[in-house]
Amino acid sequence: MRINVGTKLWLAFVGTIALCVLTLYLLLHNSLRQGFLDYTSQQSVQRLEILRSALANIYREEGSFTVFESNPSRWLNLKDIIFAESDTLFEGLPLTQETEAPRTYYREFVSSISLHDANKKLLLGVTKPNQTLDWIPVTDANRLLGFISFVKPTVVSRQQDQNFIQHQFKIFSTISLFVLVIATIVATLLARRISRPLTSLAEKAHALASGDYSQKIPVSNNDEIGQLCNSFNQLSEALAANQQSRALWVADISHEMRTPLSVLKVQIEAMQDGIRPANHENLALLYDKTLGLSNLIDDLFELSLSDVGALTYNKHTILIAPLVKTCIEHFQVKAQTAGLTLKDNIDANLNCSVVADTNRLQQLFSNLIENSIRYTDAGGVIEVGINVVDTRVMITIDDSPPGIAPEQQDKIFERLYRLENSRSRATGGAGLGLAICKNIVSAHQGKITARTSPLGGLQIYIELPRAL
């Protein structure tokens, strides 16, 4: 049989409280009895004060307790004083079972009194080996004369005392039962309060696993359960966003592949029907669309590898400045053809190393510089610089207008993201290059961001850890 969380919590609360109440009851039961016996012993000590004073006076007069050995009746007379004093408590009362029991108790108490010398050697009285004795010293001017002993009670023998203890036990039993009932009610409420969001979480998690990503759990507190509900809500939002992103991803990829395939199909059909001749110009168009489609497939494959961490990286310590300068030189001709000025703002004496894969960093900077060339208006400027601060190496690629709205700058590293301005993909590309760049930078424990450039266009900011 499966027990739910609410029942387990209820059993845990009630079981713990019941165990605590039972333990407290047993401890009180033992403590009350033992405390009452100690109280009885203290009363006995107080009643023996007269006997102790009388013994001290006799020792002072006689010089020892040997007088009792020659005249035992004198010892009995002293004990009778104790019994007579206690017997006055019941003087004038009728002889009943209620009054006879105390008289019997006091007789037994007086008969258990013994006299010992300073070394606790028995002088008068009778003691048994298994008896527990209480010792009362007899002194005179701080000089120990001897001891009075009496048998310490181990059970409550008087009926009045038993009735008192039983009454106390009944009161505590009633209080314990009342506390247990109240605790059970509180435990029930707490168990429901704690288990309700967990039950709701289980139901909604089942719905989430079935593909319903709209599930949300109301959060009413900030404890661990509230944090768990918040995490569930964030998971639901993330899954919904991923589902939407996946749908858009498939749609965008389909669109990117459909366009060149449609052109290829139309051109081939036109050539088959004789509408368009199979000359060099038309074949070059087919080749261009095929090449674009091939590049798109290559980008998709490389992006999928970087997503799963399957891109190979052969890292070693390299100088970052010569590598970036080489990439800039490779694109000088292309920048001039596009009517742009590609500037190298890197200090020639900069000696800074990073631990990286040379080929991947060349791919990174080549993609970024090519993007700037593709999207910068003719007559513009592209500047590349490197700065070093402590353990960080910062590479910046700035270009002139057009720029990107600040709210869109963080989104350009998303795959297939479309910009609603002049820096759109109308000028070429499938929108995967920057996503690959982001993965390459992340693989080097760095970060890449987009900002508004001082030149009026876009600044790509890359931060890599410096090799120490």
# chains A, B, ... in the order shown; residues from 1 in each chain; ligands from 1
call {"tool": "residues_around", "arguments": {"residues": "stretch 377-388 of chain A", "least_positions_apart": "3", "cutoff": "9 Å", "atoms": "only C-alpha atoms", "output": "ChimeraX atom specification"}}
result
/A:320-321,324-325,328,335,338-347,350,352,369,372-374,391-402,455,466
call {"tool": "select_by_dssp", "arguments": {"residues": "stretch 117-273 of chain A", "states": "alpha helix (DSSP H)", "output": "VMD selection string"}}
result
chain A and resid 159 to 209 224 to 272
call {"tool": "atom_distance", "arguments": {"atom1": "atom CA of A:Ser236", "atom2": "atom CA of A:Ser200"}}
result
14.2 Å
call {"tool": "select_by_dssp", "arguments": {"residues": "stretch 117-220 of chain A", "states": "strand (DSSP E)", "output": "number ranges by chain"}}
result
A: 117, 122-124, 133-140, 143-151
call {"tool": "residues_around", "arguments": {"residues": "A:Trp75", "least_positions_apart": "6", "cutoff": "10 Å", "atoms": "only C-alpha atoms", "output": "list in words"}}
result
Leu51, Leu55, Phe65, Val67, Phe68, Glu69, Ser114, Leu115, Leu124 and Gly125 of chain A
call {"tool": "write_last_selection", "arguments": {"atoms": "N, CA, C and O atoms", "output": "compact mmCIF listing (two decimals), in the first residue's frame"}}
result
# COMPACT_ATOMS: atom_id res chain seq x y z
N LEU A 51 15.74 14.44 68.86
CA LEU A 51 16.56 13.32 69.29
C LEU A 51 18.04 13.66 69.17
O LEU A 51 18.84 13.32 70.07
N LEU A 55 20.67 13.68 72.30
CA LEU A 55 21.88 12.84 72.29
C LEU A 55 23.13 13.69 72.51
O LEU A 55 24.08 13.28 73.19
N PHE A 65 28.49 7.57 74.67
CA PHE A 65 27.16 6.96 74.57
C PHE A 65 27.10 5.60 75.27
O PHE A 65 26.15 4.85 75.08
N VAL A 67 26.42 5.03 78.19
CA VAL A 67 25.32 4.99 79.15
C VAL A 67 24.13 4.22 78.59
O VAL A 67 23.36 3.59 79.32
N PHE A 68 23.98 4.24 77.26
CA PHE A 68 22.86 3.52 76.65
C PHE A 68 23.10 2.01 76.66
O PHE A 68 22.15 1.22 76.66
N GLU A 69 24.38 1.61 76.66
CA GLU A 69 24.67 0.18 76.69
C GLU A 69 24.27 -0.42 78.05
O GLU A 69 23.79 -1.56 78.12
N SER A 114 18.49 4.01 64.52
CA SER A 114 19.63 3.36 65.18
C SER A 114 20.65 4.41 65.56
O SER A 114 20.69 5.51 64.99
N LEU A 115 21.50 4.06 66.51
CA LEU A 115 22.55 4.94 66.99
C LEU A 115 23.91 4.33 66.65
O LEU A 115 24.13 3.14 66.89
N LEU A 124 23.24 1.02 69.08
CA LEU A 124 21.89 0.63 69.49
C LEU A 124 20.99 0.60 68.27
O LEU A 124 21.11 1.42 67.36
N GLY A 125 20.07 -0.35 68.24
CA GLY A 125 19.15 -0.49 67.12
C GLY A 125 19.49 -1.70 66.28
O GLY A 125 20.45 -2.43 66.56
call {"tool": "residues_around", "arguments": {"residues": "A:Glu237", "least_positions_apart": "6", "cutoff": "10 Å", "atoms": "only C-alpha atoms", "output": "VMD selection string"}}
result
chain A and resid 213 to 216 231 243
call {"tool": "write_last_selection", "arguments": {"atoms": "N, CA and C atoms", "output": "CSV table (one decimal), in the first residue's frame"}}
result
chain,number,residue,atom,x,y,z
A,213,TYR,N,3.2,22.5,-21.3
A,213,TYR,CA,4.2,23.4,-20.7
A,213,TYR,C,3.6,24.6,-20.1
A,214,SER,N,2.3,24.7,-20.1
A,214,SER,CA,1.6,25.9,-19.5
A,214,SER,C,1.3,25.7,-18.0
A,215,GLN,N,1.8,24.6,-17.4
A,215,GLN,CA,1.5,24.4,-16.0
A,215,GLN,C,2.3,25.4,-15.1
A,216,LYS,N,1.6,26.0,-14.1
A,216,LYS,CA,2.2,26.9,-13.2
A,216,LYS,C,1.7,26.5,-11.8
A,231,SER,N,11.2,27.0,-8.9
A,231,SER,CA,12.0,26.2,-9.9
A,231,SER,C,11.2,25.5,-10.9
A,243,GLN,N,10.4,24.8,-26.6
A,243,GLN,CA,9.5,24.2,-27.6
A,243,GLN,C,9.3,25.2,-28.7
call {"tool": "atom_distance", "arguments": {"atom1": "atom CA of A:Ser453", "atom2": "atom CA of A:Asn359"}}
result
27.2 Å
call {"tool": "residues_around", "arguments": {"residues": "stretch 187-191 of chain A", "least_positions_apart": "3", "cutoff": "6 Å", "atoms": "only C-alpha atoms", "output": "list in words"}}
result
Gly6, Leu9, Trp10, Phe13, Ala183, Thr184, Ile194 and Ser195 of chain A
call {"tool": "atom_distance", "arguments": {"atom1": "atom CA of A:Gln267", "atom2": "atom CA of A:Leu291"}}
result
15.2 Å
call {"tool": "residues_around", "arguments": {"residues": "stretch 144-149 of chain A", "least_positions_apart": "2", "cutoff": "8 Å", "atoms": "only C-alpha atoms", "output": "PyMOL selection string"}}
result
chain A and resi 52+56+59+112-120+133-140+142+151
call {"tool": "write_last_selection", "arguments": {"atoms": "C-alpha atoms", "output": "mmCIF file, in the first residue's frame"}}
result
data_model
loop_
_atom_site.group_PDB
_atom_site.id
_atom_site.type_symbol
_atom_site.label_atom_id
_atom_site.label_comp_id
_atom_site.auth_asym_id
_atom_site.auth_seq_id
_atom_site.Cartn_x
_atom_site.Cartn_y
_atom_site.Cartn_z
ATOM 1 C CA ARG A 52 19.841 14.702 67.942
ATOM 2 C CA ALA A 56 24.307 15.770 72.120
ATOM 3 C CA TYR A 59 27.164 12.927 75.358
ATOM 4 C CA SER A 112 14.078 1.901 62.212
ATOM 5 C CA ILE A 113 16.145 4.513 64.126
ATOM 6 C CA SER A 114 19.634 3.355 65.183
ATOM 7 C CA LEU A 115 22.555 4.943 66.986
ATOM 8 C CA HIS A 116 26.158 4.708 65.712
ATOM 9 C CA ASP A 117 29.463 6.029 66.919
ATOM 10 C CA ALA A 118 31.677 8.444 64.980
ATOM 11 C CA ASN A 119 32.942 5.548 62.841
ATOM 12 C CA LYS A 120 29.364 4.473 62.053
ATOM 13 C CA LEU A 133 20.127 4.301 55.424
ATOM 14 C CA ASP A 134 20.049 8.039 55.836
ATOM 15 C CA TRP A 135 22.720 9.363 58.184
ATOM 16 C CA ILE A 136 22.258 12.329 60.526
ATOM 17 C CA PRO A 137 25.449 13.479 62.272
ATOM 18 C CA VAL A 138 25.339 14.225 66.003
ATOM 19 C CA THR A 139 27.754 17.086 66.766
ATOM 20 C CA ASP A 140 28.752 19.305 69.636
ATOM 21 C CA ASN A 142 31.700 21.203 65.506
ATOM 22 C CA VAL A 151 15.822 3.430 56.959
#
